[in-house]
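J.: This is entry_28.pdb, which holds PDB, C-alpha atoms:
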ATOM      1  CA  MET A  10     -26.463  34.901  53.135
ATOM      2  CA  SER A  11     -30.025  33.617  53.182
ATOM      3  CA  PRO A  12     -30.605  29.826  53.652
ATOM      4  CA  THR A  13     -32.034  27.912  50.686
ATOM      5  CA  ARG A  14     -35.358  26.148  51.027
ATOM      6  CA  ALA A  15     -35.844  22.514  49.969
ATOM      7  CA  ASN A  16     -38.041  21.897  46.958
ATOM      8  CA  PRO A  17     -41.319  20.397  48.236
ATOM      9  CA  ARG A  18     -41.752  18.452  44.967
ATOM     10  CA  ARG A  19     -38.466  16.609  45.459
ATOM     11  CA  ALA A  20     -39.348  15.799  49.080
ATOM     12  CA  ALA A  21     -42.573  14.054  48.040
ATOM     13  CA  VAL A  22     -42.477  10.257  48.486
ATOM     14  CA  SER A  23     -43.130   8.290  45.290
ATOM     15  CA  ALA A  24     -45.716   5.456  45.533
ATOM     16  CA  PHE A  25     -48.104   3.425  43.391
ATOM     17  CA  THR A  26     -51.529   4.866  42.836
ATOM     18  CA  LEU A  27     -54.717   2.913  43.474
ATOM     19  CA  ILE A  28     -55.407   2.636  39.750
ATOM     20  CA  GLU A  29     -51.972   1.110  39.085
ATOM     21  CA  LEU A  30     -52.500  -1.479  41.814
ATOM     22  CA  MET A  31     -55.931  -2.389  40.441
ATOM     23  CA  VAL A  32     -54.496  -2.821  36.935
ATOM     24  CA  VAL A  33     -51.761  -5.145  38.219
ATOM     25  CA  MET A  34     -54.253  -7.207  40.236
ATOM     26  CA  GLY A  35     -56.541  -7.440  37.224
ATOM     27  CA  LEU A  36     -53.709  -8.797  35.060
ATOM     28  CA  MET A  37     -52.827 -11.353  37.731
ATOM     29  CA  MET A  38     -56.422 -12.561  37.880
ATOM     30  CA  ILE A  39     -56.515 -12.978  34.096
ATOM     31  CA  ILE A  40     -53.283 -15.017  34.135
ATOM     32  CA  ILE A  41     -54.620 -17.247  36.932
ATOM     33  CA  ALA A  42     -57.953 -17.730  35.143
ATOM     34  CA  ILE A  43     -56.140 -18.877  31.993
ATOM     35  CA  GLY A  44     -53.453 -21.015  33.641
ATOM     36  CA  VAL A  45     -55.391 -23.002  36.264
ATOM     37  CA  PRO A  46     -57.844 -24.719  33.867
ATOM     38  CA  ARG A  47     -54.965 -25.763  31.643
ATOM     39  CA  MET A  48     -53.122 -27.269  34.598
ATOM     40  CA  VAL A  49     -56.229 -29.218  35.626
ATOM     41  CA  GLN A  50     -56.910 -30.315  32.064
ATOM     42  CA  GLY A  51     -53.328 -31.564  31.709
ATOM     43  CA  ASN A  52     -54.164 -34.618  33.853
ATOM     44  CA  ARG A  53     -57.176 -35.437  31.641
ATOM     45  CA  THR A  54     -55.066 -36.414  28.662
ATOM     46  CA  PRO A  55     -54.826 -40.143  27.850
ATOM     47  CA  LEU A  56     -51.310 -40.279  29.287
ATOM     48  CA  GLY A  57     -52.275 -38.312  32.386
ATOM     49  CA  GLU A  58     -55.279 -40.541  33.059
ATOM     50  CA  SER A  59     -53.144 -43.665  32.614
ATOM     51  CA  LEU A  60     -50.472 -42.375  34.998
ATOM     52  CA  ASN A  61     -53.143 -41.510  37.558
ATOM     53  CA  ALA A  62     -54.647 -45.000  37.226
ATOM     54  CA  VAL A  63     -51.300 -46.631  38.032
ATOM     55  CA  MET A  64     -50.695 -44.242  40.937
ATOM     56  CA  GLU A  65     -54.151 -44.857  42.412
ATOM     57  CA  ALA A  66     -53.822 -48.633  42.050
ATOM     58  CA  CYS A  67     -50.479 -48.619  43.880
ATOM     59  CA  ALA A  68     -51.856 -46.402  46.635
ATOM     60  CA  ALA A  69     -54.934 -48.615  47.048
ATOM     61  CA  ALA A  70     -52.862 -51.812  47.251
ATOM     62  CA  ARG A  71     -50.446 -50.291  49.767
ATOM     63  CA  ARG A  72     -53.316 -49.031  51.914
ATOM     64  CA  GLN A  73     -55.096 -52.383  51.800
ATOM     65  CA  ALA A  74     -51.952 -54.324  52.707
ATOM     66  CA  ILE A  75     -51.235 -52.136  55.746
ATOM     67  CA  LEU A  76     -54.809 -52.064  57.046
ATOM     68  CA  SER A  77     -55.568 -55.748  56.496
ATOM     69  CA  GLY A  78     -52.204 -57.069  57.696
ATOM     70  CA  SER A  79     -51.810 -59.247  54.601
ATOM     71  CA  THR A  80     -50.257 -58.845  51.185
ATOM     72  CA  ALA A  81     -52.046 -57.024  48.371
ATOM     73  CA  ARG A  82     -51.273 -56.985  44.678
ATOM     74  CA  VAL A  83     -51.499 -54.649  41.712
ATOM     75  CA  THR A  84     -52.330 -56.602  38.565
ATOM     76  CA  ILE A  85     -51.835 -55.388  34.999
ATOM     77  CA  ARG A  86     -53.290 -57.465  32.171
ATOM     78  CA  GLY A  87     -54.458 -56.993  28.624
ATOM     79  CA  ALA A  88     -58.048 -55.933  28.076
ATOM     80  CA  GLU A  89     -60.488 -58.546  26.775
ATOM     81  CA  GLU A  90     -61.247 -56.378  23.752
ATOM     82  CA  GLY A  91     -57.622 -56.685  22.682
ATOM     83  CA  THR A  92     -56.674 -53.021  23.115
ATOM     84  CA  GLY A  93     -55.465 -51.268  26.211
ATOM     85  CA  PHE A  94     -54.660 -52.659  29.638
ATOM     86  CA  ILE A  95     -56.671 -53.253  32.799
ATOM     87  CA  ILE A  96     -55.044 -52.377  36.125
ATOM     88  CA  SER A  97     -56.522 -53.488  39.427
ATOM     89  CA  ALA A  98     -55.551 -53.639  43.085
ATOM     90  CA  GLY A  99     -56.773 -56.119  45.667
ATOM     91  CA  GLY A 100     -55.882 -58.676  48.306
ATOM     92  CA  GLY A 101     -53.382 -61.330  47.379
ATOM     93  CA  GLY A 102     -52.843 -63.790  50.158
ATOM     94  CA  GLY A 103     -51.787 -63.248  53.741
ATOM     95  CA  ALA A 104     -51.963 -65.203  56.938
ATOM     96  CA  PRO A 105     -53.417 -68.724  56.761
ATOM     97  CA  LYS A 106     -56.936 -69.278  58.031
ATOM     98  CA  PRO A 107     -57.249 -70.817  61.505
ATOM     99  CA  VAL A 108     -58.080 -74.501  61.688
ATOM    100  CA  GLN A 109     -61.744 -75.163  62.417
ATOM    101  CA  ALA A 110     -62.231 -77.116  65.637
ATOM    102  CA  GLU A 111     -64.781 -79.675  64.529
ATOM    103  CA  ASN A 112     -63.803 -82.812  66.434
ATOM    104  CA  VAL A 113     -63.529 -81.392  69.951
ATOM    105  CA  ASN A 114     -64.435 -83.173  73.185
ATOM    106  CA  SER A 115     -67.618 -82.098  74.861
ATOM    107  CA  ASP A 116     -65.620 -80.952  77.910
ATOM    108  CA  MET A 117     -63.643 -78.493  75.768
ATOM    109  CA  ALA A 118     -66.641 -77.169  73.857
ATOM    110  CA  GLY A 119     -67.780 -74.881  76.646
ATOM    111  CA  TYR A 120     -64.250 -73.571  77.142
ATOM    112  CA  LEU A 121     -63.915 -72.702  73.463
ATOM    113  CA  ASP A 122     -67.243 -70.869  73.517
ATOM    114  CA  GLU A 123     -66.174 -68.778  76.503
ATOM    115  CA  ALA A 124     -62.710 -67.945  75.157
ATOM    116  CA  PRO A 125     -62.396 -64.376  73.881
ATOM    117  CA  LYS A 126     -62.216 -64.116  70.112
ATOM    118  CA  PRO A 127     -59.748 -61.702  68.504
ATOM    119  CA  ALA A 128     -61.262 -58.705  66.754
ATOM    120  CA  PRO A 129     -61.145 -58.994  62.952
ATOM    121  CA  LYS A 130     -58.742 -56.715  61.150
ATOM    122  CA  PRO A 131     -60.170 -54.117  58.777
ATOM    123  CA  SER A 132     -60.256 -55.150  55.173
ATOM    124  CA  GLY A 133     -58.690 -51.908  53.987
ATOM    125  CA  GLY A 134     -61.216 -51.202  51.259
ATOM    126  CA  ILE A 135     -62.439 -52.968  48.145
ATOM    127  CA  GLY A 136     -59.351 -52.214  46.057
ATOM    128  CA  PHE A 137     -59.186 -50.381  42.767
ATOM    129  CA  ASN A 138     -60.081 -51.052  39.149
ATOM    130  CA  GLY A 139     -58.838 -48.803  36.362
ATOM    131  CA  ARG A 140     -57.683 -48.785  32.795
ATOM    132  CA  ILE A 141     -54.644 -47.698  30.847
ATOM    133  CA  HIS A 142     -55.910 -45.742  27.848
ATOM    134  CA  ASP A 143     -56.114 -47.472  24.469
ATOM    135  CA  GLU A 144     -53.887 -44.805  22.888
ATOM    136  CA  VAL A 145     -51.191 -45.211  25.545
ATOM    137  CA  ALA A 146     -48.514 -47.852  24.944
ATOM    138  CA  ILE A 147     -46.326 -49.473  27.595
ATOM    139  CA  HIS A 148     -42.699 -49.146  26.437
ATOM    140  CA  PHE A 149     -40.952 -50.344  29.580
ATOM    141  CA  ILE A 150     -41.849 -52.383  32.629
ATOM    142  CA  SER A 151     -39.739 -53.861  35.400
ATOM    143  CA  VAL A 152     -40.728 -55.932  38.439
ATOM    144  CA  ASN A 153     -37.947 -56.823  40.877
ATOM    145  CA  PHE A 154     -35.454 -55.833  38.177
ATOM    146  CA  GLY A 155     -36.883 -58.415  35.773
ATOM    147  CA  ASP A 156     -38.528 -57.856  32.381
ATOM    148  CA  PRO A 157     -42.083 -59.307  32.357
ATOM    149  CA  MET A 158     -43.142 -57.653  29.090
ATOM    150  CA  ASP A 159     -43.932 -61.027  27.462
ATOM    151  CA  GLU A 160     -46.123 -62.252  30.304
ATOM    152  CA  ASP A 161     -49.924 -62.196  30.030
ATOM    153  CA  GLN A 162     -50.352 -60.806  33.532
ATOM    154  CA  ILE A 163     -48.014 -58.722  35.677
ATOM    155  CA  GLU A 164     -48.279 -58.654  39.468
ATOM    156  CA  VAL A 165     -46.687 -56.279  41.963
ATOM    157  CA  THR A 166     -46.898 -57.239  45.633
ATOM    158  CA  PHE A 167     -47.348 -54.851  48.556
ATOM    159  CA  TYR A 168     -46.587 -56.006  52.104
ATOM    160  CA  PRO A 169     -48.166 -55.185  55.499
ATOM    161  CA  ASN A 170     -45.043 -53.346  56.704
ATOM    162  CA  GLY A 171     -45.462 -50.746  53.932
ATOM    163  CA  THR A 172     -42.811 -52.096  51.576
ATOM    164  CA  SER A 173     -43.369 -53.382  48.056
ATOM    165  CA  ASP A 174     -41.734 -55.061  45.102
ATOM    166  CA  GLU A 175     -39.481 -53.013  42.860
ATOM    167  CA  PHE A 176     -41.695 -51.716  40.048
ATOM    168  CA  THR A 177     -41.205 -49.283  37.183
ATOM    169  CA  ILE A 178     -43.497 -48.752  34.216
ATOM    170  CA  GLY A 179     -42.918 -46.401  31.274
ATOM    171  CA  MET A 180     -45.818 -45.219  29.091
ATOM    172  CA  ARG A 181     -46.204 -42.975  26.064
ATOM    173  CA  HIS A 182     -49.180 -41.458  24.259
ATOM    174  CA  GLU A 183     -48.699 -42.682  20.712
ATOM    175  CA  PHE A 184     -50.943 -40.045  19.128
ATOM    176  CA  GLY A 185     -49.966 -37.118  21.328
ATOM    177  CA  ASP A 186     -46.678 -35.455  22.150
ATOM    178  CA  ALA A 187     -44.930 -38.872  22.392
ATOM    179  CA  VAL A 188     -43.372 -37.961  25.756
ATOM    180  CA  LEU A 189     -42.248 -40.963  27.799
ATOM    181  CA  ARG A 190     -43.345 -40.860  31.435
ATOM    182  CA  PHE A 191     -42.626 -43.355  34.203
ATOM    183  CA  VAL A 192     -44.279 -44.457  37.422
ATOM    184  CA  GLN A 193     -41.720 -45.855  39.838
ATOM    185  CA  LEU A 194     -42.230 -47.453  43.241
ATOM    186  CA  ASP A 195     -39.931 -46.830  46.157
ATOM    187  CA  SER A 196     -39.691 -50.411  47.426
ATOM    188  CA  VAL A 197     -38.765 -49.258  50.951
ATOM    189  CA  THR A 198     -41.851 -47.080  51.466
ATOM    190  CA  GLY A 199     -44.168 -48.525  48.815
ATOM    191  CA  LEU A 200     -44.925 -45.028  47.502
ATOM    192  CA  ALA A 201     -45.248 -44.318  43.773
ATOM    193  CA  TYR A 202     -43.730 -41.346  41.977
ATOM    194  CA  ILE A 203     -44.085 -39.987  38.435
ATOM    195  CA  LYS A 204     -40.700 -39.458  36.792
ATOM    196  CA  THR A 205     -39.316 -38.315  33.470
ATOM    197  CA  GLU A 206     -37.027 -40.326  31.221
ATOM    198  CA  TYR A 207     -34.097 -38.159  32.312
ATOM    199  CA  GLU A 208     -34.717 -38.934  35.967
ATOM    200  CA  ILE A 209     -34.907 -42.686  35.295
ATOM    201  CA  VAL A 210     -31.675 -42.707  33.254
ATOM    202  CA  ARG A 211     -29.895 -40.485  35.762
ATOM    203  CA  TYR A 212     -30.710 -42.573  38.813
TER
END
Give the structure from the file, written as structure tokens.

T.:
Amino acid sequence: MSPTRANPRRAAVSAFTLIELMVVMGLMMIIIAIGVPRMVQGNRTPLGESLNAVMEACAAARRQAILSGSTARVTIRGAEEGTGFIISAGGGGGAPKPVQAENVNSDMAGYLDEAPKPAPKPSGGIGFNGRIHDEVAIHFISVNFGDPMDEDQIEVTFYPNGTSDEFTIGMRHEFGDAVLRFVQLDSVTGLAYIKTEYEIVRY
């Protein structure tokens, strides 16, 4: 009985050809070229720009408060033109100024001149000025669990230890997809996060 030989065609290992790999890579490049610009353009919508303005203002105020060692505030107020809102971040108080030694005895004058002066703390930047788009409406706002919607100016305070007031703002593009988006501060860390309506209701 003669032994049977294995079929060399069945023993061949199957693999992708170079052409198949190039076709797959070409399709992936086309998908990336189409998807990336749309993702970048998504933040250029009126709602996206408004959310970014609030996020940048909160980040600037937190940074300034930590670096300067004094409180900083984010301020939201109506625009002078009557449409839209102006959002800004800057210093808002802090440690009291030292008393100027004007009436000092002549014997103490030389001592005061020779005393080492403490180095000034960095200012932490010039703050931030932005705008909430005219087509974006504020539907909800909360500061320290209060409702300041009827106030002319809303202030959120950031502290030198990195904490902040409780703050949540909900905005919607009235002429777009009408999706409600929120910016919420974590009062323990002072960091801002963008959240959906489901996330706000859930937590």

J.: Choose the residue, out of A:Ala187, A:Val210, A:Ala70, A:Ala62, that has the smallest atom-to-atom separation from Ser173 of chain A; count all atoms listed in the file.

T.: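 Looking only at the distances to Ser173 of chain A, the closest residue turns out to be A:Ala70.
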
J.: Just the number, please: distance in Å from atom CA of Asp161 of chain A to atom CA of Ala98 of chain A, one decimal.

T.: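 These atoms are spaced 16.6 Å apart.
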
J.: Step by step, work through what the PyMOL selection byres ((chain A and resi 139) around 10) selects in the shown file, and finish by giving those residues as a PyMOL selection string.

T.: chain A and resi 58-59+61-63+65-66+85+94-98+137-138+140-142

J.: For the residues in the current selection, export C-alpha atoms as an mmCIF file, in the frame of the given file.

T.:
data_model
loop_
_atom_site.group_PDB
_atom_site.id
_atom_site.type_symbol
_atom_site.label_atom_id
_atom_site.label_comp_id
_atom_site.auth_asym_id
_atom_site.auth_seq_id
_atom_site.Cartn_x
_atom_site.Cartn_y
_atom_site.Cartn_z
ATOM 1 C CA GLU A 58 -55.279 -40.541 33.059
ATOM 2 C CA SER A 59 -53.144 -43.665 32.614
ATOM 3 C CA ASN A 61 -53.143 -41.510 37.558
ATOM 4 C CA ALA A 62 -54.647 -45.000 37.226
ATOM 5 C CA VAL A 63 -51.300 -46.631 38.032
ATOM 6 C CA GLU A 65 -54.151 -44.857 42.412
ATOM 7 C CA ALA A 66 -53.822 -48.633 42.050
ATOM 8 C CA ILE A 85 -51.835 -55.388 34.999
ATOM 9 C CA PHE A 94 -54.660 -52.659 29.638
ATOM 10 C CA ILE A 95 -56.671 -53.253 32.799
ATOM 11 C CA ILE A 96 -55.044 -52.377 36.125
ATOM 12 C CA SER A 97 -56.522 -53.488 39.427
ATOM 13 C CA ALA A 98 -55.551 -53.639 43.085
ATOM 14 C CA PHE A 137 -59.186 -50.381 42.767
ATOM 15 C CA ASN A 138 -60.081 -51.052 39.149
ATOM 16 C CA ARG A 140 -57.683 -48.785 32.795
ATOM 17 C CA ILE A 141 -54.644 -47.698 30.847
ATOM 18 C CA HIS A 142 -55.910 -45.742 27.848
#

J.: For a quick check of understanding, using all atoms listed in the file, which of A:Asp195, A:Glu29, A:Asp174, A:Glu183 has the smallest distance to Gly155 of chain A?

T.: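 Nearest to Gly155 of chain A: A:Asp174.
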
J.: How far is it from atom CA of Ala81 of chain A to atom CA of Ile163 of chain A, in Å with one decimal?

T.: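 Computing the Euclidean distance for atom CA of Ala81 of chain A and atom CA of Ile163 of chain A yields 13.4 Å.
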
J.: Would you write out, as a list in words, every residue that the PyMOL selection byres ((chain A and resi 152) around 7) captures in this file?

T.: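 When the PyMOL selection byres ((chain A and resi 152) around 7) is applied, the selected residues are Ile150, Ser151, Asn153, Phe154, Gly155, Asp156, Val165, Asp174, Glu175, Phe176 and Thr177 of chain A.
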
J.: Which residues would end up in the selection if the PyMOL selection byres ((chain A and resi 188) around 12) were applied here, given that I need the answer as a list in words?

T.: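 Applied to this file, the PyMOL selection byres ((chain A and resi 188) around 12) returns Pro55, Leu56, Gly57, Val145, Ala146, His148, Gly179, Met180, Arg181, His182, Glu183, Phe184, Gly185, Asp186, Ala187, Leu189, Arg190, Phe191, Lys204, Thr205, Glu206 and Tyr207 of chain A.
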
J.: So what do you get for atom CA of Met64 of chain A versus atom CA of Leu200 of chain A, distance-wise?

T.: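 Distance between the two atoms: 8.8 Å.
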
J.: Take every atom of segment 175-189 of chain A listed in the file, fit an axis-aligned box around them, add 3 Å per side, and give the centre and edge lengths in Å to one decimal as JSON.

T.:
{"center_x": -45.2, "center_y": -44.2, "center_z": 31.0, "size_x": 17.5, "size_y": 23.6, "size_z": 29.7}

J.: Identify which of the residues A:Gly171, A:Ala201, A:Ile41, A:Ile178 lies closest to Met158 of chain A, counting all atoms listed in the file when measuring atom-to-atom distances.

T.: A:Ile178
